[in-house]
Amino acid sequence: QVQLVESGGGSVQPGGSLRLSCAASGSAFRNNIMAWYRQASGKQRELVARITAGGGNTVYADSVKGRFTISRDNAKNTVYLQMNSLKPEDTAIYYCYGWFGENYWGQGTQVTVSS
């Protein structure tokens, strides 16, 4: 059984920064692709960023390219999302995702960008 636990959400003014963390337990984290998704109120869940098992390849949504960075520390079973230059349209619940033979999701963490 895999558990994904996010932390690091909160409220920030436009232009600010936040770092999300997702700690995984219960499986071979280092062998699996990890990702961050988000879901704004009234909208579908969308991919924000994805990182391969070794961390060598990343993919970003066009809306966050150049502002967000996904990374991972396999020794700590943790994936991160550094979010800079935040905009009001980044406001959403952010979910950690991992494929461990099936889909696993974290509980979500709220990010609010507002002045």
# chains A, B, ... in the order shown; residues from 1 in each chain; ligands from 1
$ residues_around --residues "Ser41 of chain A" --least-positions-apart "5" --cutoff "10 Å" --atoms "only C-alpha atoms" --output "list of chain:residue names"
A:Thr91, A:Ala92, A:Ile93
$ write_last_selection --atoms "all heavy atoms" --output "short mmCIF file (atom, residue, chain, number, x, y, z; two decimals), in the first residue's frame"
data_model
loop_
_atom_site.label_atom_id
_atom_site.label_comp_id
_atom_site.auth_asym_id
_atom_site.auth_seq_id
_atom_site.Cartn_x
_atom_site.Cartn_y
_atom_site.Cartn_z
N THR A 91 -4.05 29.45 -8.43
CA THR A 91 -4.86 29.02 -7.29
C THR A 91 -5.59 27.72 -7.59
O THR A 91 -6.30 27.62 -8.60
CB THR A 91 -5.88 30.12 -6.93
OG1 THR A 91 -5.18 31.28 -6.49
CG2 THR A 91 -6.82 29.64 -5.83
N ALA A 92 -5.38 26.72 -6.75
CA ALA A 92 -5.96 25.39 -6.99
C ALA A 92 -5.58 24.48 -5.83
O ALA A 92 -4.76 24.84 -4.98
CB ALA A 92 -5.44 24.80 -8.29
N ILE A 93 -6.18 23.31 -5.83
CA ILE A 93 -5.71 22.23 -4.97
C ILE A 93 -4.66 21.46 -5.78
O ILE A 93 -4.94 21.06 -6.92
CB ILE A 93 -6.84 21.31 -4.53
CG1 ILE A 93 -7.89 22.11 -3.73
CG2 ILE A 93 -6.30 20.17 -3.67
CD1 ILE A 93 -9.12 21.32 -3.37
#
$ residues_around --residues "Gly26 of chain A" --least-positions-apart "5" --cutoff "10 Å" --atoms "only C-alpha atoms" --output "PyMOL selection string"
chain A and resi 1-4+77+100
$ residues_around --residues "Ala53 of chain A" --least-positions-apart "6" --cutoff "12 Å" --atoms "only C-alpha atoms" --output "list in words"
Ala28, Phe29, Arg30, Asn31, Asn32, Ile33, Met34, Ala35, Ser71, Arg72, Asp73, Asn74, Asn77, Thr78, Val79, Gly98, Trp99 and Phe100 of chain A
$ write_last_selection --atoms "N, CA, C and O atoms" --output "compact mmCIF listing (two decimals), in the first residue's frame"
# COMPACT_ATOMS: atom_id res chain seq x y z
N ALA A 28 8.54 1.14 -3.90
CA ALA A 28 9.83 1.46 -4.51
C ALA A 28 9.75 2.80 -5.22
O ALA A 28 9.65 2.87 -6.44
N PHE A 29 9.78 3.85 -4.45
CA PHE A 29 9.61 5.21 -4.98
C PHE A 29 10.57 5.50 -6.10
O PHE A 29 10.21 6.09 -7.12
N ARG A 30 11.82 5.07 -5.96
CA ARG A 30 12.85 5.46 -6.90
C ARG A 30 12.64 4.89 -8.31
O ARG A 30 13.31 5.31 -9.24
N ASN A 31 11.75 3.93 -8.46
CA ASN A 31 11.53 3.30 -9.76
C ASN A 31 10.33 3.86 -10.51
O ASN A 31 9.97 3.33 -11.57
N ASN A 32 9.72 4.87 -9.94
CA ASN A 32 8.43 5.31 -10.48
C ASN A 32 8.39 6.77 -10.89
O ASN A 32 8.98 7.62 -10.24
N ILE A 33 7.65 7.01 -11.98
CA ILE A 33 7.36 8.37 -12.39
C ILE A 33 6.46 9.02 -11.35
O ILE A 33 5.53 8.41 -10.83
N MET A 34 6.76 10.28 -11.05
CA MET A 34 5.94 11.05 -10.12
C MET A 34 5.49 12.33 -10.83
O MET A 34 6.13 12.79 -11.78
N ALA A 35 4.40 12.89 -10.35
CA ALA A 35 3.86 14.09 -11.00
C ALA A 35 3.08 14.93 -10.00
O ALA A 35 2.71 14.46 -8.91
N SER A 71 11.26 18.39 -8.86
CA SER A 71 12.50 17.67 -8.55
C SER A 71 12.16 16.53 -7.59
O SER A 71 11.05 16.48 -7.05
N ARG A 72 13.12 15.66 -7.38
CA ARG A 72 12.89 14.55 -6.46
C ARG A 72 14.19 14.19 -5.75
O ARG A 72 15.28 14.38 -6.28
N ASP A 73 14.01 13.65 -4.55
CA ASP A 73 15.11 13.13 -3.77
C ASP A 73 14.75 11.67 -3.46
O ASP A 73 13.96 11.40 -2.55
N ASN A 74 15.33 10.76 -4.22
CA ASN A 74 14.97 9.35 -4.05
C ASN A 74 15.44 8.78 -2.71
O ASN A 74 14.87 7.81 -2.22
N ASN A 77 12.55 9.63 -0.60
CA ASN A 77 11.22 9.25 -1.12
C ASN A 77 10.31 10.47 -1.24
O ASN A 77 9.12 10.40 -0.88
N THR A 78 10.85 11.56 -1.72
CA THR A 78 10.11 12.81 -1.76
C THR A 78 10.23 13.48 -3.13
O THR A 78 11.33 13.50 -3.71
N VAL A 79 9.13 14.02 -3.59
CA VAL A 79 9.11 14.82 -4.81
C VAL A 79 8.68 16.23 -4.43
O VAL A 79 7.87 16.42 -3.52
N GLY A 98 1.52 9.32 -8.24
CA GLY A 98 2.55 8.34 -8.55
C GLY A 98 1.95 7.07 -9.12
O GLY A 98 0.81 6.70 -8.76
N TRP A 99 2.67 6.45 -10.02
CA TRP A 99 2.25 5.17 -10.60
C TRP A 99 3.08 4.07 -9.93
O TRP A 99 4.29 3.99 -10.11
N PHE A 100 2.36 3.26 -9.15
CA PHE A 100 3.01 2.14 -8.46
C PHE A 100 2.23 0.88 -8.81
O PHE A 100 1.68 0.19 -7.96
$ closest_residue --among "A:Thr69, A:Ser115, A:Ser7, A:Asn57" --to "Gln82 of chain A" --atoms "only C-alpha atoms"
A:Thr69
$ atom_distance --atom1 "atom CA of Ser85 of chain A" --atom2 "atom CA of Trp36 of chain A"
17.5 Å
$ closest_atom_pairs --of "segment 74-110 of chain A" --to "segment 8-25 of chain A" --cutoff "8 Å" --atoms "only C-alpha atoms" --output "Markdown table"
| residue | atom | partner | partner_atom | distance |
| --- | --- | --- | --- | --- |
| A:Lys76 | CA | A:Ala23 | CA | 7.7 |
| A:Asn77 | CA | A:Ala24 | CA | 5.4 |
| A:Thr78 | CA | A:Ala23 | CA | 4.5 |
| A:Val79 | CA | A:Cys22 | CA | 5.2 |
| A:Tyr80 | CA | A:Ser21 | CA | 4.6 |
| A:Leu81 | CA | A:Leu20 | CA | 5.0 |
| A:Gln82 | CA | A:Arg19 | CA | 4.4 |
| A:Met83 | CA | A:Leu18 | CA | 5.3 |
| A:Asn84 | CA | A:Ser17 | CA | 4.4 |
| A:Ser85 | CA | A:Gly15 | CA | 4.1 |
| A:Leu86 | CA | A:Gly15 | CA | 4.9 |
| A:Lys87 | CA | A:Pro14 | CA | 5.1 |
| A:Pro88 | CA | A:Pro14 | CA | 6.3 |
| A:Cys96 | CA | A:Cys22 | CA | 6.3 |
| A:Gly106 | CA | A:Cys22 | CA | 7.9 |
| A:Thr109 | CA | A:Gly9 | CA | 5.4 |
| A:Gln110 | CA | A:Gly9 | CA | 5.4 |
$ select_by_dssp --residues "segment 12-46 of chain A" --states "strand (DSSP E or B)" --output "compact mmCIF listing (two decimals) with all heavy atoms, in the first residue's frame"
# COMPACT_ATOMS: atom_id res chain seq x y z
N VAL A 12 -0.42 33.06 -0.67
CA VAL A 12 0.71 33.90 -1.03
C VAL A 12 0.23 35.00 -1.96
O VAL A 12 -0.78 34.83 -2.67
CB VAL A 12 1.83 33.06 -1.68
CG1 VAL A 12 1.36 32.45 -3.00
CG2 VAL A 12 3.11 33.84 -1.85
N LEU A 18 6.20 29.36 -3.37
CA LEU A 18 5.90 28.27 -2.44
C LEU A 18 6.63 27.03 -2.91
O LEU A 18 6.88 26.87 -4.11
CB LEU A 18 4.40 27.98 -2.40
CG LEU A 18 3.48 28.94 -1.66
CD1 LEU A 18 2.01 28.56 -1.90
CD2 LEU A 18 3.78 28.97 -0.18
N ARG A 19 6.93 26.13 -1.98
CA ARG A 19 7.48 24.83 -2.35
C ARG A 19 6.60 23.74 -1.76
O ARG A 19 6.43 23.68 -0.54
CB ARG A 19 8.92 24.66 -1.87
CG ARG A 19 9.54 23.38 -2.44
CD ARG A 19 11.00 23.20 -2.10
NE ARG A 19 11.21 22.62 -0.79
CZ ARG A 19 12.27 21.90 -0.45
NH1 ARG A 19 13.22 21.68 -1.36
NH2 ARG A 19 12.41 21.44 0.77
N LEU A 20 6.09 22.91 -2.63
CA LEU A 20 5.30 21.77 -2.21
C LEU A 20 6.20 20.55 -2.09
O LEU A 20 7.14 20.38 -2.87
CB LEU A 20 4.18 21.48 -3.21
CG LEU A 20 3.24 22.64 -3.53
CD1 LEU A 20 2.14 22.16 -4.49
CD2 LEU A 20 2.64 23.24 -2.29
N SER A 21 5.87 19.70 -1.11
CA SER A 21 6.58 18.44 -0.93
C SER A 21 5.57 17.30 -0.92
O SER A 21 4.44 17.48 -0.47
CB SER A 21 7.35 18.45 0.38
OG SER A 21 8.32 19.47 0.42
N CYS A 22 6.02 16.15 -1.40
CA CYS A 22 5.18 14.95 -1.37
C CYS A 22 6.04 13.79 -0.93
O CYS A 22 6.97 13.39 -1.65
CB CYS A 22 4.58 14.69 -2.74
SG CYS A 22 3.73 13.10 -2.88
N ALA A 23 5.75 13.27 0.23
CA ALA A 23 6.51 12.14 0.78
C ALA A 23 5.75 10.84 0.49
O ALA A 23 4.56 10.74 0.78
CB ALA A 23 6.71 12.32 2.27
N ALA A 24 6.46 9.87 -0.06
CA ALA A 24 5.86 8.58 -0.41
C ALA A 24 6.36 7.51 0.54
O ALA A 24 7.53 7.50 0.93
CB ALA A 24 6.21 8.21 -1.84
N SER A 25 5.47 6.60 0.88
CA SER A 25 5.86 5.48 1.74
C SER A 25 5.27 4.20 1.19
O SER A 25 4.29 4.21 0.46
CB SER A 25 5.37 5.70 3.16
OG SER A 25 3.97 5.77 3.19
N MET A 34 6.76 10.28 -11.05
CA MET A 34 5.94 11.05 -10.12
C MET A 34 5.49 12.33 -10.83
O MET A 34 6.13 12.79 -11.78
CB MET A 34 6.74 11.42 -8.87
CG MET A 34 7.23 10.24 -8.07
SD MET A 34 5.89 9.26 -7.36
CE MET A 34 5.13 10.46 -6.25
N ALA A 35 4.40 12.89 -10.35
CA ALA A 35 3.86 14.09 -11.00
C ALA A 35 3.08 14.93 -10.00
O ALA A 35 2.71 14.46 -8.91
CB ALA A 35 2.97 13.70 -12.16
N TRP A 36 2.86 16.16 -10.39
CA TRP A 36 1.96 17.07 -9.68
C TRP A 36 0.83 17.45 -10.63
O TRP A 36 1.07 17.79 -11.79
CB TRP A 36 2.68 18.34 -9.24
CG TRP A 36 3.63 18.13 -8.10
CD1 TRP A 36 4.97 17.90 -8.18
CD2 TRP A 36 3.30 18.13 -6.71
NE1 TRP A 36 5.49 17.76 -6.93
CE2 TRP A 36 4.49 17.90 -6.00
CE3 TRP A 36 2.11 18.32 -6.00
CZ2 TRP A 36 4.53 17.85 -4.59
CZ3 TRP A 36 2.15 18.26 -4.62
CH2 TRP A 36 3.34 18.03 -3.93
N TYR A 37 -0.38 17.39 -10.12
CA TYR A 37 -1.56 17.85 -10.82
C TYR A 37 -2.21 18.95 -9.99
O TYR A 37 -1.90 19.10 -8.80
CB TYR A 37 -2.57 16.71 -11.00
CG TYR A 37 -2.22 15.71 -12.07
CD1 TYR A 37 -1.21 14.77 -11.88
CD2 TYR A 37 -2.90 15.69 -13.28
CE1 TYR A 37 -0.88 13.86 -12.86
CE2 TYR A 37 -2.60 14.77 -14.27
CZ TYR A 37 -1.59 13.85 -14.05
OH TYR A 37 -1.28 12.94 -15.03
N ARG A 38 -3.11 19.68 -10.61
CA ARG A 38 -3.89 20.66 -9.85
C ARG A 38 -5.31 20.72 -10.39
O ARG A 38 -5.57 20.39 -11.53
CB ARG A 38 -3.25 22.04 -9.92
CG ARG A 38 -3.27 22.70 -11.28
CD ARG A 38 -2.48 24.02 -11.24
NE ARG A 38 -2.50 24.70 -12.54
CZ ARG A 38 -1.78 25.79 -12.80
NH1 ARG A 38 -1.00 26.32 -11.86
NH2 ARG A 38 -1.85 26.34 -13.99
N GLN A 39 -6.18 21.15 -9.50
CA GLN A 39 -7.58 21.30 -9.87
C GLN A 39 -8.12 22.58 -9.27
O GLN A 39 -8.21 22.71 -8.05
CB GLN A 39 -8.41 20.10 -9.40
CG GLN A 39 -9.84 20.12 -9.90
CD GLN A 39 -10.53 18.79 -9.71
OE1 GLN A 39 -10.11 17.95 -8.92
NE2 GLN A 39 -11.61 18.57 -10.44
N GLU A 46 -5.66 18.96 -13.95
CA GLU A 46 -4.71 19.06 -15.04
C GLU A 46 -3.29 18.77 -14.57
O GLU A 46 -2.94 19.04 -13.41
CB GLU A 46 -4.74 20.47 -15.66
CG GLU A 46 -4.34 21.59 -14.73
CD GLU A 46 -4.26 22.94 -15.40
OE1 GLU A 46 -4.47 23.03 -16.62
OE2 GLU A 46 -3.95 23.92 -14.69
$ closest_residue --among "A:Ala75, A:Tyr94, A:Ile70, A:Tyr60" --to "Arg45 of chain A" --atoms "only C-alpha atoms"
A:Tyr94
$ atom_distance --atom1 "atom CA of Thr112 of chain A" --atom2 "atom CA of Asp90 of chain A"
7.4 Å
$ atom_distance --atom1 "atom CA of Val48 of chain A" --atom2 "atom CA of Gly101 of chain A"
21.3 Å
